[in-house]
Amino acid sequence: MEEKGKNNTLPAQVKIEQPESTPANNAIIAPYPASLRPCLLLNKHLQRHEIVRAEVSAILQTSSDPSMLVLDAMHGFYPPHSREEDTVFDVNIIRRSCILLLEQLMKTSPVVEPQVREEAMKLAVEWKAKMKVADDNCLEVLGFLQLLASYGLGSCFNEDELRGLLATIDQHRQAPELCRTLGIIDKAPAKLVLNVMQGSFPHIWEKGETGFVAGVMKNYILMLEHLKRVSPQIHPQIKEEAIKLAVEWKVKLTASTMNSLEVLAFLQLLATYELSSSFNGDEILKLFEVVAEYKQALEVCQSLGFLDQIPGKFSEY
C-alpha cells in the first residue's frame, strides 16, 4: 500500500509540458512500453538539465518506491526500435535520460528493497551482455556503472573488470563519484585516481558552474583522502604525472576567483601525492587562508608540513 501523499509516477510537468502535448508527440511515444515513456519524455527537456534534475529529485523524494520507479524506466536503455512515424529517436539522448534518473536516485539514497535489488541485478546482467566497450559507446558503459552504483551492485561484479570499464569513461564528470561509490580504488589506486581527475578536469573548467564544481570537488577530496589512507607511497612516475596536473590546476586557480572547495581539493592533491616541494611555500600558505573553515584543512596542513608556520589558524578544529 502506498503512503498517503506519495506517488509512483513522473508528473506531467516533468514528463511533458502542455505546449508539447501534441498528437504528433503522443504518436511518437505511444508505441513504447509504459515503463519507457518517462525516460523518453525526459529527453525533451535535456536542454534544461539543472531544472530537470531538481524536478526529478523532488519526484523521487515523494515517491513511495523511487528505486522501482527508476528501474521501470531503465528498460528503455536498449530500446526495441528507434524509428516511428518517420521520427528518429537519438538513442544517446534516451540513455542520457536514463543516466540522469539513476544519478538522482543515488543522490536521494533510498532504501532499495531486496526484490527491487534482485530485479536491478537481472537488468545489470542483461546490460553487461549487450554492452559494447568502445569510445563511441561510452554511454553504455557509463549507464551500466551508474546502474551498479545506484542499486549497490558493485560487489556483485569483478573488481578488475569494473576498474577497466571506469578507465573508459574517466573523462565524464560522473567518474569521480562512481569510482568512490563502487569502491574500486584500492588496487593501484594512485594511478586510477589521477586518471579520473585528469579525465574530468576539462569538463569542470568548461562548465564553470558553481554547484557543478562543488559537487565534483567534494568527490575529489573524498577520493584523495581515501587514497592517502590506503596508498601512502606514490610511485615516482605517477608523482611526475600528478605534478603536471597540479601545475596546470594552480594556473587555473590563480587565473580565476578562488572556490574554497576547489582550493581544498588542490591542497589535498599536493598532500596525497607529496607535491609540496614543487611549489612556492608562501603561495601554499596563502591558500590555507582560503580553506581555514574546513575541518580537513588541519590534517592537510599538517601533512604538507606547514602547521608550525600558521600557529592558531586551525585551533578551533
# chains A, B, ... in the order shown; residues from 1 in each chain; ligands from 1

call {"tool": "closest_atom_pairs", "arguments": {"of": "region 48-72 of chain A", "to": "region 145-154 of chain A", "cutoff": "12 Å", "atoms": "only C-alpha atoms", "output": "Markdown table"}}
result
| residue | atom | partner | partner_atom | distance |
| --- | --- | --- | --- | --- |
| A:Pro66 | CA | A:Tyr151 | CA | 11.3 |
| A:Ser67 | CA | A:Tyr151 | CA | 7.9 |
| A:Met68 | CA | A:Tyr151 | CA | 10.3 |
| A:Val70 | CA | A:Ser150 | CA | 10.1 |
| A:Leu71 | CA | A:Leu147 | CA | 9.1 |

call {"tool": "write_last_selection", "arguments": {"atoms": "all heavy atoms", "output": "PDB file, in the first residue's frame"}}
result
ATOM      1  N   PRO A  66      10.910   4.964  -4.986  1.00  0.00           N
ATOM      2  CA  PRO A  66      11.686   5.602  -6.053  1.00  0.00           C
ATOM      3  C   PRO A  66      12.606   4.646  -6.793  1.00  0.00           C
ATOM      4  O   PRO A  66      12.796   4.776  -7.997  1.00  0.00           O
ATOM      5  CB  PRO A  66      12.493   6.678  -5.307  1.00  0.00           C
ATOM      6  CG  PRO A  66      12.534   6.211  -3.887  1.00  0.00           C
ATOM      7  CD  PRO A  66      11.229   5.519  -3.664  1.00  0.00           C
ATOM      8  N   SER A  67      13.161   3.661  -6.097  1.00  0.00           N
ATOM      9  CA  SER A  67      14.081   2.732  -6.757  1.00  0.00           C
ATOM     10  C   SER A  67      13.356   1.890  -7.800  1.00  0.00           C
ATOM     11  O   SER A  67      13.910   1.586  -8.866  1.00  0.00           O
ATOM     12  CB  SER A  67      14.777   1.829  -5.727  1.00  0.00           C
ATOM     13  OG  SER A  67      13.837   1.128  -4.945  1.00  0.00           O
ATOM     14  N   MET A  68      12.095   1.531  -7.532  1.00  0.00           N
ATOM     15  CA  MET A  68      11.321   0.763  -8.501  1.00  0.00           C
ATOM     16  C   MET A  68      10.869   1.648  -9.652  1.00  0.00           C
ATOM     17  O   MET A  68      10.851   1.227 -10.817  1.00  0.00           O
ATOM     18  CB  MET A  68      10.102   0.135  -7.824  1.00  0.00           C
ATOM     19  CG  MET A  68       9.394  -0.921  -8.661  1.00  0.00           C
ATOM     20  SD  MET A  68      10.415  -2.405  -8.904  1.00  0.00           S
ATOM     21  CE  MET A  68      10.374  -2.561 -10.690  1.00  0.00           C
ATOM     22  N   VAL A  70      12.390   4.254 -10.922  1.00  0.00           N
ATOM     23  CA  VAL A  70      13.518   4.465 -11.831  1.00  0.00           C
ATOM     24  C   VAL A  70      13.850   3.177 -12.579  1.00  0.00           C
ATOM     25  O   VAL A  70      14.122   3.205 -13.786  1.00  0.00           O
ATOM     26  CB  VAL A  70      14.746   4.972 -11.048  1.00  0.00           C
ATOM     27  CG1 VAL A  70      15.991   4.964 -11.931  1.00  0.00           C
ATOM     28  CG2 VAL A  70      14.490   6.377 -10.520  1.00  0.00           C
ATOM     29  N   LEU A  71      13.793   2.060 -11.890  1.00  0.00           N
ATOM     30  CA  LEU A  71      14.117   0.792 -12.540  1.00  0.00           C
ATOM     31  C   LEU A  71      13.172   0.503 -13.696  1.00  0.00           C
ATOM     32  O   LEU A  71      13.586   0.000 -14.750  1.00  0.00           O
ATOM     33  CB  LEU A  71      14.065  -0.351 -11.519  1.00  0.00           C
ATOM     34  CG  LEU A  71      14.601  -1.706 -11.997  1.00  0.00           C
ATOM     35  CD1 LEU A  71      16.080  -1.605 -12.365  1.00  0.00           C
ATOM     36  CD2 LEU A  71      14.398  -2.767 -10.920  1.00  0.00           C
TER      37      LEU A  71
END

call {"tool": "residues_around", "arguments": {"residues": "Ser276 (chain A)", "least_positions_apart": "3", "cutoff": "10 Å", "atoms": "only C-alpha atoms", "output": "count of residues only"}}
result
15

call {"tool": "atom_distance", "arguments": {"atom1": "CA of Trp127 (chain A)", "atom2": "CA of Glu177 (chain A)"}}
result
20.8 Å

call {"tool": "closest_residue", "arguments": {"among": "A:Val111, A:Lys295, A:Met197, A:Val91", "to": "Pro79 (chain A)", "atoms": "only C-alpha atoms"}}
result
A:Val91

call {"tool": "residues_around", "arguments": {"residues": "region 156-164 of chain A", "least_positions_apart": "4", "cutoff": "9 Å", "atoms": "only C-alpha atoms", "output": "ChimeraX atom specification"}}
result
/A:121,145,148,152,168,179,182-185,187,192

call {"tool": "write_last_selection", "arguments": {"atoms": "N, CA and C atoms", "output": "PDB file, in the first residue's frame"}}
result
ATOM      1  N   MET A 121      19.631  -6.341 -10.479  1.00  0.00           N
ATOM      2  CA  MET A 121      20.750  -7.235 -10.778  1.00  0.00           C
ATOM      3  C   MET A 121      20.507  -7.967 -12.098  1.00  0.00           C
ATOM      4  N   LEU A 145      27.677   1.324 -15.202  1.00  0.00           N
ATOM      5  CA  LEU A 145      28.333   1.617 -13.917  1.00  0.00           C
ATOM      6  C   LEU A 145      27.421   2.419 -13.000  1.00  0.00           C
ATOM      7  N   LEU A 148      24.929   0.066 -11.405  1.00  0.00           N
ATOM      8  CA  LEU A 148      25.538  -0.678 -10.294  1.00  0.00           C
ATOM      9  C   LEU A 148      25.658   0.204  -9.051  1.00  0.00           C
ATOM     10  N   GLY A 152      23.597  -0.399  -5.581  1.00  0.00           N
ATOM     11  CA  GLY A 152      24.517  -1.103  -4.690  1.00  0.00           C
ATOM     12  C   GLY A 152      24.932  -2.470  -5.177  1.00  0.00           C
ATOM     13  N   THR A 168      37.483   3.659 -19.178  1.00  0.00           N
ATOM     14  CA  THR A 168      36.970   4.079 -20.483  1.00  0.00           C
ATOM     15  C   THR A 168      36.059   5.303 -20.392  1.00  0.00           C
ATOM     16  N   CYS A 179      33.691   6.108  -9.079  1.00  0.00           N
ATOM     17  CA  CYS A 179      34.904   5.477  -8.568  1.00  0.00           C
ATOM     18  C   CYS A 179      34.799   5.270  -7.064  1.00  0.00           C
ATOM     19  N   LEU A 182      31.518   2.871  -6.045  1.00  0.00           N
ATOM     20  CA  LEU A 182      31.712   1.466  -6.368  1.00  0.00           C
ATOM     21  C   LEU A 182      32.873   0.845  -5.600  1.00  0.00           C
ATOM     22  N   GLY A 183      33.662   1.675  -4.909  1.00  0.00           N
ATOM     23  CA  GLY A 183      34.748   1.163  -4.081  1.00  0.00           C
ATOM     24  C   GLY A 183      35.825   0.455  -4.864  1.00  0.00           C
ATOM     25  N   ILE A 184      36.219   1.021  -6.017  1.00  0.00           N
ATOM     26  CA  ILE A 184      37.193   0.317  -6.863  1.00  0.00           C
ATOM     27  C   ILE A 184      38.483   1.115  -7.007  1.00  0.00           C
ATOM     28  N   ILE A 185      38.925   1.701  -5.890  1.00  0.00           N
ATOM     29  CA  ILE A 185      40.187   2.435  -5.970  1.00  0.00           C
ATOM     30  C   ILE A 185      41.245   1.850  -5.034  1.00  0.00           C
ATOM     31  N   LYS A 187      43.170  -1.017  -5.574  1.00  0.00           N
ATOM     32  CA  LYS A 187      44.312  -1.645  -6.237  1.00  0.00           C
ATOM     33  C   LYS A 187      44.893  -0.647  -7.239  1.00  0.00           C
ATOM     34  N   LEU A 192      44.811   5.286 -10.753  1.00  0.00           N
ATOM     35  CA  LEU A 192      43.387   5.347 -11.096  1.00  0.00           C
ATOM     36  C   LEU A 192      42.784   6.695 -10.710  1.00  0.00           C
TER      37      LEU A 192
END

call {"tool": "select_by_dssp", "arguments": {"residues": "region 53-286 of chain A", "states": "alpha helix (DSSP H)", "output": "PyMOL selection string"}}
result
chain A and resi 53-62+66-74+91-108+114-130+138-150+159-168+175-181+189-207+210-230+236-254+260-272+281-286

call {"tool": "atom_distance", "arguments": {"atom1": "CA of Leu142 (chain A)", "atom2": "CA of Asp65 (chain A)"}}
result
23.9 Å

call {"tool": "residues_around", "arguments": {"residues": "Ile99 (chain A)", "least_positions_apart": "6", "cutoff": "10 Å", "atoms": "only C-alpha atoms", "output": "PDB file with all heavy atoms, in the first residue's frame"}}
result
ATOM      1  N   CYS A  39      11.249   7.997 -19.269  1.00  0.00           N
ATOM      2  CA  CYS A  39      12.630   8.242 -19.692  1.00  0.00           C
ATOM      3  C   CYS A  39      12.669   8.958 -21.033  1.00  0.00           C
ATOM      4  O   CYS A  39      13.425   9.908 -21.225  1.00  0.00           O
ATOM      5  CB  CYS A  39      13.373   6.909 -19.776  1.00  0.00           C
ATOM      6  SG  CYS A  39      15.108   7.077 -20.169  1.00  0.00           S
ATOM      7  N   MET A  74      14.343   2.160 -16.760  1.00  0.00           N
ATOM      8  CA  MET A  74      15.636   1.719 -17.298  1.00  0.00           C
ATOM      9  C   MET A  74      15.526   0.731 -18.451  1.00  0.00           C
ATOM     10  O   MET A  74      16.469   0.547 -19.212  1.00  0.00           O
ATOM     11  CB  MET A  74      16.486   1.073 -16.185  1.00  0.00           C
ATOM     12  CG  MET A  74      16.990   2.041 -15.136  1.00  0.00           C
ATOM     13  SD  MET A  74      17.916   3.430 -15.833  1.00  0.00           S
ATOM     14  CE  MET A  74      16.693   4.743 -15.750  1.00  0.00           C
ATOM     15  N   PHE A  77      16.783   1.695 -21.907  1.00  0.00           N
ATOM     16  CA  PHE A  77      18.190   1.977 -22.191  1.00  0.00           C
ATOM     17  C   PHE A  77      18.631   1.316 -23.501  1.00  0.00           C
ATOM     18  O   PHE A  77      19.440   1.859 -24.247  1.00  0.00           O
ATOM     19  CB  PHE A  77      19.058   1.480 -21.035  1.00  0.00           C
ATOM     20  CG  PHE A  77      20.440   2.065 -21.007  1.00  0.00           C
ATOM     21  CD1 PHE A  77      20.652   3.337 -20.509  1.00  0.00           C
ATOM     22  CD2 PHE A  77      21.529   1.344 -21.473  1.00  0.00           C
ATOM     23  CE1 PHE A  77      21.935   3.889 -20.471  1.00  0.00           C
ATOM     24  CE2 PHE A  77      22.809   1.879 -21.447  1.00  0.00           C
ATOM     25  CZ  PHE A  77      23.013   3.163 -20.946  1.00  0.00           C
ATOM     26  N   ILE A  93      20.323  10.162 -26.500  1.00  0.00           N
ATOM     27  CA  ILE A  93      19.516  11.055 -25.663  1.00  0.00           C
ATOM     28  C   ILE A  93      18.715  10.238 -24.664  1.00  0.00           C
ATOM     29  O   ILE A  93      18.598  10.601 -23.487  1.00  0.00           O
ATOM     30  CB  ILE A  93      18.589  11.931 -26.529  1.00  0.00           C
ATOM     31  CG1 ILE A  93      19.419  12.919 -27.358  1.00  0.00           C
ATOM     32  CG2 ILE A  93      17.588  12.682 -25.658  1.00  0.00           C
ATOM     33  CD1 ILE A  93      18.607  13.813 -28.252  1.00  0.00           C
ATOM     34  N   LEU A 105      18.576   9.230  -8.402  1.00  0.00           N
ATOM     35  CA  LEU A 105      18.197   8.177  -7.455  1.00  0.00           C
ATOM     36  C   LEU A 105      19.305   7.971  -6.427  1.00  0.00           C
ATOM     37  O   LEU A 105      19.040   7.858  -5.225  1.00  0.00           O
ATOM     38  CB  LEU A 105      17.921   6.865  -8.199  1.00  0.00           C
ATOM     39  CG  LEU A 105      17.589   5.664  -7.296  1.00  0.00           C
ATOM     40  CD1 LEU A 105      16.248   5.879  -6.601  1.00  0.00           C
ATOM     41  CD2 LEU A 105      17.560   4.370  -8.110  1.00  0.00           C
ATOM     42  N   LEU A 139      28.452   5.860 -23.397  1.00  0.00           N
ATOM     43  CA  LEU A 139      27.233   5.993 -22.611  1.00  0.00           C
ATOM     44  C   LEU A 139      26.721   4.645 -22.121  1.00  0.00           C
ATOM     45  O   LEU A 139      26.103   4.562 -21.059  1.00  0.00           O
ATOM     46  CB  LEU A 139      26.146   6.704 -23.426  1.00  0.00           C
ATOM     47  CG  LEU A 139      26.310   8.213 -23.614  1.00  0.00           C
ATOM     48  CD1 LEU A 139      25.194   8.760 -24.472  1.00  0.00           C
ATOM     49  CD2 LEU A 139      26.357   8.935 -22.273  1.00  0.00           C
ATOM     50  N   GLU A 140      26.982   3.583 -22.879  1.00  0.00           N
ATOM     51  CA  GLU A 140      26.592   2.250 -22.424  1.00  0.00           C
ATOM     52  C   GLU A 140      27.363   1.874 -21.165  1.00  0.00           C
ATOM     53  O   GLU A 140      26.802   1.345 -20.200  1.00  0.00           O
ATOM     54  CB  GLU A 140      26.837   1.213 -23.528  1.00  0.00           C
ATOM     55  CG  GLU A 140      25.926   1.371 -24.732  1.00  0.00           C
ATOM     56  CD  GLU A 140      26.103   0.236 -25.728  1.00  0.00           C
ATOM     57  OE1 GLU A 140      26.145  -0.933 -25.294  1.00  0.00           O
ATOM     58  OE2 GLU A 140      26.209   0.510 -26.932  1.00  0.00           O
ATOM     59  N   LEU A 142      28.916   3.996 -19.100  1.00  0.00           N
ATOM     60  CA  LEU A 142      28.542   4.931 -18.042  1.00  0.00           C
ATOM     61  C   LEU A 142      27.211   4.536 -17.415  1.00  0.00           C
ATOM     62  O   LEU A 142      27.058   4.542 -16.184  1.00  0.00           O
ATOM     63  CB  LEU A 142      28.464   6.345 -18.615  1.00  0.00           C
ATOM     64  CG  LEU A 142      28.134   7.469 -17.628  1.00  0.00           C
ATOM     65  CD1 LEU A 142      29.161   7.544 -16.511  1.00  0.00           C
ATOM     66  CD2 LEU A 142      28.064   8.805 -18.365  1.00  0.00           C
ATOM     67  N   GLY A 143      26.244   4.176 -18.248  1.00  0.00           N
ATOM     68  CA  GLY A 143      24.941   3.760 -17.740  1.00  0.00           C
ATOM     69  C   GLY A 143      25.030   2.503 -16.900  1.00  0.00           C
ATOM     70  O   GLY A 143      24.397   2.386 -15.841  1.00  0.00           O
ATOM     71  N   PHE A 144      25.829   1.535 -17.366  1.00  0.00           N
ATOM     72  CA  PHE A 144      25.997   0.278 -16.634  1.00  0.00           C
ATOM     73  C   PHE A 144      26.607   0.533 -15.256  1.00  0.00           C
ATOM     74  O   PHE A 144      26.100   0.057 -14.234  1.00  0.00           O
ATOM     75  CB  PHE A 144      26.890  -0.667 -17.439  1.00  0.00           C
ATOM     76  CG  PHE A 144      27.272  -1.928 -16.712  1.00  0.00           C
ATOM     77  CD1 PHE A 144      26.332  -2.931 -16.480  1.00  0.00           C
ATOM     78  CD2 PHE A 144      28.572  -2.127 -16.260  1.00  0.00           C
ATOM     79  CE1 PHE A 144      26.683  -4.101 -15.806  1.00  0.00           C
ATOM     80  CE2 PHE A 144      28.932  -3.287 -15.598  1.00  0.00           C
ATOM     81  CZ  PHE A 144      27.989  -4.274 -15.371  1.00  0.00           C
ATOM     82  N   LEU A 145      27.677   1.324 -15.202  1.00  0.00           N
ATOM     83  CA  LEU A 145      28.333   1.617 -13.917  1.00  0.00           C
ATOM     84  C   LEU A 145      27.421   2.419 -13.000  1.00  0.00           C
ATOM     85  O   LEU A 145      27.394   2.198 -11.780  1.00  0.00           O
ATOM     86  CB  LEU A 145      29.640   2.368 -14.157  1.00  0.00           C
ATOM     87  CG  LEU A 145      30.756   1.585 -14.847  1.00  0.00           C
ATOM     88  CD1 LEU A 145      31.950   2.491 -15.139  1.00  0.00           C
ATOM     89  CD2 LEU A 145      31.197   0.385 -14.000  1.00  0.00           C
ATOM     90  N   GLN A 146      26.642   3.340 -13.591  1.00  0.00           N
ATOM     91  CA  GLN A 146      25.725   4.128 -12.770  1.00  0.00           C
ATOM     92  C   GLN A 146      24.615   3.247 -12.206  1.00  0.00           C
ATOM     93  O   GLN A 146      24.172   3.441 -11.067  1.00  0.00           O
ATOM     94  CB  GLN A 146      25.124   5.260 -13.607  1.00  0.00           C
ATOM     95  CG  GLN A 146      24.317   6.269 -12.797  1.00  0.00           C
ATOM     96  CD  GLN A 146      25.159   7.102 -11.867  1.00  0.00           C
ATOM     97  OE1 GLN A 146      26.003   7.868 -12.305  1.00  0.00           O
ATOM     98  NE2 GLN A 146      24.938   6.959 -10.563  1.00  0.00           N
ATOM     99  N   LEU A 147      24.164   2.271 -12.989  1.00  0.00           N
ATOM    100  CA  LEU A 147      23.155   1.320 -12.501  1.00  0.00           C
ATOM    101  C   LEU A 147      23.688   0.545 -11.297  1.00  0.00           C
ATOM    102  O   LEU A 147      23.004   0.388 -10.283  1.00  0.00           O
ATOM    103  CB  LEU A 147      22.766   0.349 -13.624  1.00  0.00           C
ATOM    104  CG  LEU A 147      21.767  -0.759 -13.252  1.00  0.00           C
ATOM    105  CD1 LEU A 147      20.394  -0.171 -12.952  1.00  0.00           C
ATOM    106  CD2 LEU A 147      21.664  -1.789 -14.385  1.00  0.00           C
ATOM    107  N   GLN A 174      30.857  12.173 -14.050  1.00  0.00           N
ATOM    108  CA  GLN A 174      30.383  11.227 -13.035  1.00  0.00           C
ATOM    109  C   GLN A 174      31.484  10.300 -12.526  1.00  0.00           C
ATOM    110  O   GLN A 174      31.312   9.625 -11.504  1.00  0.00           O
ATOM    111  CB  GLN A 174      29.249  10.355 -13.603  1.00  0.00           C
ATOM    112  CG  GLN A 174      28.001  11.106 -13.989  1.00  0.00           C
ATOM    113  CD  GLN A 174      27.979  11.451 -15.473  1.00  0.00           C
ATOM    114  OE1 GLN A 174      29.031  11.611 -16.090  1.00  0.00           O
ATOM    115  NE2 GLN A 174      26.797  11.553 -16.060  1.00  0.00           N
TER     116      GLN A 174
END

call {"tool": "atom_distance", "arguments": {"atom1": "CA of Val213 (chain A)", "atom2": "CA of Glu262 (chain A)"}}
result
7.7 Å

call {"tool": "closest_residue", "arguments": {"among": "A:Gly199, A:Pro189, A:Pro176, A:Gly215", "to": "Leu245 (chain A)", "atoms": "only C-alpha atoms"}}
result
A:Gly199
